[in-house]
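Data first, discussion second: the structure below is written as structure tokens.
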Amino acid sequence: MAEHISSPRFYVVIWLSLMVLTVVTVVAAQIDLGPFNTIVALTIASLKAVLVGLFFMHVKYAHERMIKPVIAAALFFLFLLLSLSMADYSTRLWS
Amino acid sequence: MATNAVIPERANYLNAEYGVKSWLLTVDHKRIALLYLLSVTLFFFLGGFFALLIRLELLTPAGDLMQADTYNKVFTMHGIIMVFFFLIPVVPAVLGNFLMPIMIGAKDLAFPRINLLSWYLYVIGGVLILHCMLTGGVDTGWTFYPPFSTSFSNTKVVEAGLAVFVSGFSSILTGLNFIVTVHRMRAPGMTWDRLPLFVWANYATSIVMILGTPVVAITIVLVALERTLHLGIFDPKLGGDPLLFQHLFWFYSHPAVYIMILPSMGVISELITCFSRKRVFGYKFIALSSVAIAVLGFLVWAHHMFVAGMSLYAGLIFSFLSFFVAVPSAIKVFNWTATLYKGSISFTTPMLYAFGFLGLFTMGGLTGLFLAALGVDVHVTDTYFIVAHFHYIMVGGVLMGYLGGMHFWWPKISGRMYPEFWGKLSALIVFLGFNLTFFPQFILGYMGMPRRYWQYPPEFQILNVLSTAGASVLAVGYLLPMIYFVWSMRYGKPAPDNPWNAAGLEWMTSSPPPTYNFEETPIVTWEAYNYDELNKKEEVPVER
Amino acid sequence: MSDSEVAVHNPALRHHFAEVEQQRNASSLGMWLFLVTEIMFFGGMFCAYLVYRTAHFGDFAAASSTLDLKLGAINTAVLILSSLTVVMAVWTAQTGKQKALVMYLLLTIVLGVAFLGIKGVEYAEKFENHHVPGPTFHFAGAIPGHPDHPADPRHAQIFFSLYFAMTGMHAVHMIIGIGLFAFLAFKAWRGAYTPAYFTPIENAGLYWHFVDIVWIYLFPLLYLIDRHK
């Protein structure tokens with residue numbers, strides 16, 4: 001049962017990157033980027049989520065091989081919920 | 001081989017331990033299935049009682065048996081109990097719980113204690129809904145639509161919501177357990193393309209349970225918060241949108257229909273192939289169509305909202321997508337029919353139920369297509385046409401599958417045979433009673449009788465009387481099996497290990513199975529439904 | 001010691017599993033499926049947020065700008081730090097450092113409580129300013145960038161309803177997590193976890209990281225709408 005064990009030093013590096021990204025997102029919010037403010041904020045949030053997922057939650061080294069498909073499925077169905085709901089709201093004023 | 005069960009009192013899961021504690025604290029999936037059987041049956045008859053009250057009120061055009069408010073509470077209770085406390089758990093939690101581990105050659109589900117926890121959650125939810133019922137009830141309909149549920153109803157919406165919330169977690173945990181079990185507990189050699197179709201169906205169901213149920217849970221929480229703490233999320237006074245509730249609600253509650261029907265479809269796959277003595281036609285298509293139904297089920301929810309004020313364009317999309325669900329459903333029906341072709345068919349009780357399912361599900365499904373068509377739906381929305389349609393699916397489909405499966409596996413569950421004559425009689429009574437109850441409702445709905453009213457114009461009376469008469473026939477059909485199942489536990493013929501000479505691991509262990517299901521873990525080297533080989537080996541002809 | 005010997009002697013192996021590997025994979029898959037349900041659970045609220053934010057963007061920006069950005073950012077840092085202590089707890093469990101494991105679990109609890117305390121300060125401020133939805137709700141801000149265009153207080157109320165629902169549900173998850181870690185710290189102190197068996201620590205860690213990820217999205221979505229104006 002070969003198991004991957006990361007070093008504490010590696011975890012601290014990930015933590016530092018998360019902190020830096022937090023600062024970046026606060027700073028970026030103060031700059032007028034037009035519609036890109038939201039996109040930048042969500043991209044940074046997703047980047048942080050990926051870091052937490054891959055390294056803190058050990059998705060990258062998971063011995064259980066169904067974990068990645070399971071996460072993908074969850075995100076896909078969340079996307080369905082959001083996009084098909086918005087299919088109604090974004091077209092409601094057309095007629 | 002068929003006569004080796006006469007030795008009395010072989011060690012099995014039923015006589016392994018005695019006493020109330022050995023049942024209430026059990027982690028054996030078979031015992032938990034029986035706990036579910038008991039509680040689900042209780043709720044079925046309670047929900048049925050409310051159905052009977054509805055039919056009695058509708059016997060006459062005037063609102064004479066109860067007041068309008070009471071009628072609202074009665075149909076709400078009927079809906080909540082039947083949907084959340086009967087139809088959703090019935091096949092997965094009873095038959096699925098009992099059979100899934102055995103069918104894949106495992107000793108138990110992956111998480112036995114979580115399995116017990118999910119039964120307790122079901123019971124807590126059940127007690128809450130009973131308490132709600134006895135202390136005033138709720139009148140929103142099982143759909144809890146705001147703003148009525150959030151701002152206007154003076155009944156116990158929060159408590160009913162809590163009951164649904166808790167029982168929802170019961171269903172989430174069952175689904176989670178099933179998925180892990182199928183992935184991680186299969187016996188050596190039990191590959192995905194050798195899984196029984198009942199396992200495939202429950203696997204697909206579990207996907208829906210996991211993905212859908214949490215959404216309705218948070219939706220109910222939001223309704224409760226809006227009612228109690230005045231958070232304004234669906235409140236039109238604040239510019240909120242009550243339709244958002246409907247979106248979130250039907251994101252779960254439409255796929256929930258597939259939580260109900262898919263496991264029954266799995267049962268039908270087992271029955272038809274066994275009593276045709278043929279390998280099921282198109283195994284892969286039936287297996288994957290279950291998954292396809294589960295996934296497509298999430299793309300169609302807003303067809304419940306065509307006239308609710310949703311965007312016309314979204315309506316067009318959802319109408320279009322809804323037709324796609326018909327494809328995998330039809331694949332199943334055609335494959336079952338093709339299995340019958342040139343089969344050696346025997347008309348046992350389970351098979352009669354399976355035939356009933358085929359007819360009723362097809363009618364329910366086809367009328368579903370009428371409703372998915374935007375134009376037709378505008379005409380029949382909120383009429384008895386809808387009521388008839390979903391009862392054909394839920395009662396005609398789910399219950400036929402459930403009862404068929406109960407008869408098929410009863411020898412395995414109890415170790416006793418049920419009386420075949422009474423079984424056939426009950427199947428016949430259920431089929432006739434069902435059609436007499438619900439077919440007139442199609443006509444009523446098409447003529448324009450709206451649902452959820454306690455009185456109606458006199459010209460609708462004849463069809464309503466027919467429907468009520470059918471409901472009483474149906475009640476007899478449901479009481480009969482309960483009586484003779486209980487009777488057979490004491491007086492029934494002891495069941496051999498494989499009374500139907502059926503394929504599947506569950507028939508290779510004793511009836512009833514030992515606590516850990518098998519003497520030793522089976523190693524699977526054959527395809528599912530190898531009836532060609534079984535027929536060759538057959539020494540004694542099966543009792544037809 | 002070979003694998004099969006481990007399987008026979010490991011007291012943590014439950015009867016219905018054939019081997020330790022199978023049991024570990026099953027519990028890990030089970031935990032991730034539970035997290036899937038959590039994603040969909042919060043997903044319902046994110047859906048509501050998306051719908052109303054697109055419909056009432058200006059009013060949402062006005063309401064959002066009244067939130068305390070400093071406290072929100074500090075809380076984000078606190079939560080991320082707690083994720084580090086959790087991952088260190090898992091590491092100490094993997095490597096069999098029992099005392100350090102207990103310490104990291106307790107540290108996580110402290111950080112979790114700190115987060116809730118700061119959240120409490122923010123909530124109190126909402127009560128003082130009548131930003132809590134209900135009959136006493138009052139909002140008089142202007143749409144950012146348009147000083148003479150007052151925001152619609154009804155839509156601002158929807159924002160605060162979502163704010164309380166989402167952060168409240170997040171806080172409930174934090175409280176559950178803190179309780180969980182308190183229980184695990186007690187068990188760890190009693191020596192329940194070894195490098196051969198630490199599944200509860202691992203799964204509780206996954207739960208905590210998930211709650212952290214939810215906050216990682218909540219922070220920009222609630223606090224950072226049109227801050228530049």
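Ordering of the structure tokens sets the chain letters (A, B, ...), residue numbers begin anew at 1 in every chain, and ligands are numbered from 1 in the order given.
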Do me a favour and pick out the residues of chain B within 12 Å of chain A, using only C-alpha atoms, as a PyMOL selection string.
-> chain B and resi 176+179-180+183-184+207-208+210-212+214-215+241+243-252+294-303+305-306+308-318+321
Output the contact residues of chain B with respect to chain C at a cut-off of 6 Å, based on only C-alpha atoms, as a ChimeraX atom specification.
-> /B:107,210,214-215,218,230-233,238
Residues of the last selection are to be written out with N, CA and C atoms, as a PDB file, in the first residue's frame.
ATOM      1  N   LYS B 107     -20.801  -9.332   1.700  1.00  0.00           N
ATOM      2  CA  LYS B 107     -21.337  -9.726   3.001  1.00  0.00           C
ATOM      3  C   LYS B 107     -22.348  -8.723   3.514  1.00  0.00           C
ATOM      4  N   ILE B 210     -28.152  11.176  -4.668  1.00  0.00           N
ATOM      5  CA  ILE B 210     -27.005  11.957  -4.200  1.00  0.00           C
ATOM      6  C   ILE B 210     -27.036  13.371  -4.763  1.00  0.00           C
ATOM      7  N   PRO B 214     -30.024  16.910  -2.034  1.00  0.00           N
ATOM      8  CA  PRO B 214     -29.525  18.076  -1.291  1.00  0.00           C
ATOM      9  C   PRO B 214     -30.136  19.383  -1.782  1.00  0.00           C
ATOM     10  N   VAL B 215     -30.477  19.458  -3.059  1.00  0.00           N
ATOM     11  CA  VAL B 215     -31.023  20.712  -3.581  1.00  0.00           C
ATOM     12  C   VAL B 215     -32.410  20.967  -2.999  1.00  0.00           C
ATOM     13  N   ILE B 218     -31.970  22.126   0.725  1.00  0.00           N
ATOM     14  CA  ILE B 218     -31.673  23.548   0.969  1.00  0.00           C
ATOM     15  C   ILE B 218     -32.884  24.399   0.602  1.00  0.00           C
ATOM     16  N   HIS B 230     -38.043  35.603   8.347  1.00  0.00           N
ATOM     17  CA  HIS B 230     -38.363  36.637   7.359  1.00  0.00           C
ATOM     18  C   HIS B 230     -37.231  36.951   6.396  1.00  0.00           C
ATOM     19  N   LEU B 231     -36.343  35.995   6.159  1.00  0.00           N
ATOM     20  CA  LEU B 231     -35.427  36.187   5.040  1.00  0.00           C
ATOM     21  C   LEU B 231     -36.285  36.223   3.778  1.00  0.00           C
ATOM     22  N   GLY B 232     -35.963  37.133   2.842  1.00  0.00           N
ATOM     23  CA  GLY B 232     -36.860  37.257   1.687  1.00  0.00           C
ATOM     24  C   GLY B 232     -36.235  36.741   0.413  1.00  0.00           C
ATOM     25  N   ILE B 233     -36.235  35.440   0.228  1.00  0.00           N
ATOM     26  CA  ILE B 233     -35.557  34.924  -0.954  1.00  0.00           C
ATOM     27  C   ILE B 233     -36.525  34.634  -2.094  1.00  0.00           C
ATOM     28  N   LEU B 238     -40.537  41.699  -2.330  1.00  0.00           N
ATOM     29  CA  LEU B 238     -39.201  42.289  -2.363  1.00  0.00           C
ATOM     30  C   LEU B 238     -38.588  42.233  -3.756  1.00  0.00           C
TER      31      LEU B 238
END
Check every residue of chain A for an atom within 8 Å of chain C, counting only C-alpha atoms, and provide those that qualify as a ChimeraX atom specification.
-> /A:1,5-6,8,11-12,15,18-19,22,25-26,29-32,37-38,41-42,45-46,48-49,52-53,56-57,63-64,66-67,70-71,74,78,81-82,85-86,89
Mind the document's chain letters and residue numbers, and return as a ChimeraX atom specification the residues of range 57-173 of chain C that DSSP labels alpha helix (DSSP H).
-> /C:57-64,69-94,98-128,153-173
Quick one, how far is CA of His254 in chain B from CA of His304 in chain B?
-> 8.2 Å
Write out as a compact mmCIF listing (two decimals) with N, CA and C atoms, in the first residue's frame which residues come within 8 Å of Lys493 in chain B when counting only C-alpha atoms, dropping same-chain ones fewer than 5 positions away.
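Written out: result_2.txt:
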# COMPACT_ATOMS: atom_id res chain seq x y z
N ARG B 416 -40.34 -18.79 3.03
CA ARG B 416 -41.63 -19.45 2.85
C ARG B 416 -42.20 -19.08 1.48
N MET B 417 -43.03 -19.98 0.91
CA MET B 417 -43.72 -19.66 -0.33
C MET B 417 -45.04 -18.96 0.02
N TYR B 418 -45.44 -18.00 -0.83
CA TYR B 418 -46.77 -17.40 -0.66
C TYR B 418 -47.77 -18.26 -1.43
N SER B 488 -48.27 -16.53 5.32
CA SER B 488 -47.29 -17.50 4.82
C SER B 488 -46.07 -17.60 5.74
Residue neighbourhood range 438-451 of chain B, 7 Å, only C-alpha atoms, exclusion window fewer than 5 positions, as a PyMOL selection string = chain B and resi 380+382-385+388+460+463+467
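Rounded to one decimal, CA of Ala503 in chain B and CA of Leu271 in chain B lie 10.7 Å from each other.
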Nearest candidate to Gly423 in chain B (options B:Thr349, B:Thr140, B:Ser171, B:Ser206; using only C-alpha atoms) | B:Thr349
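The two atoms in question, CA of Val20 in chain B and CA of Ala110 in chain B, are spaced 24.5 Å apart.
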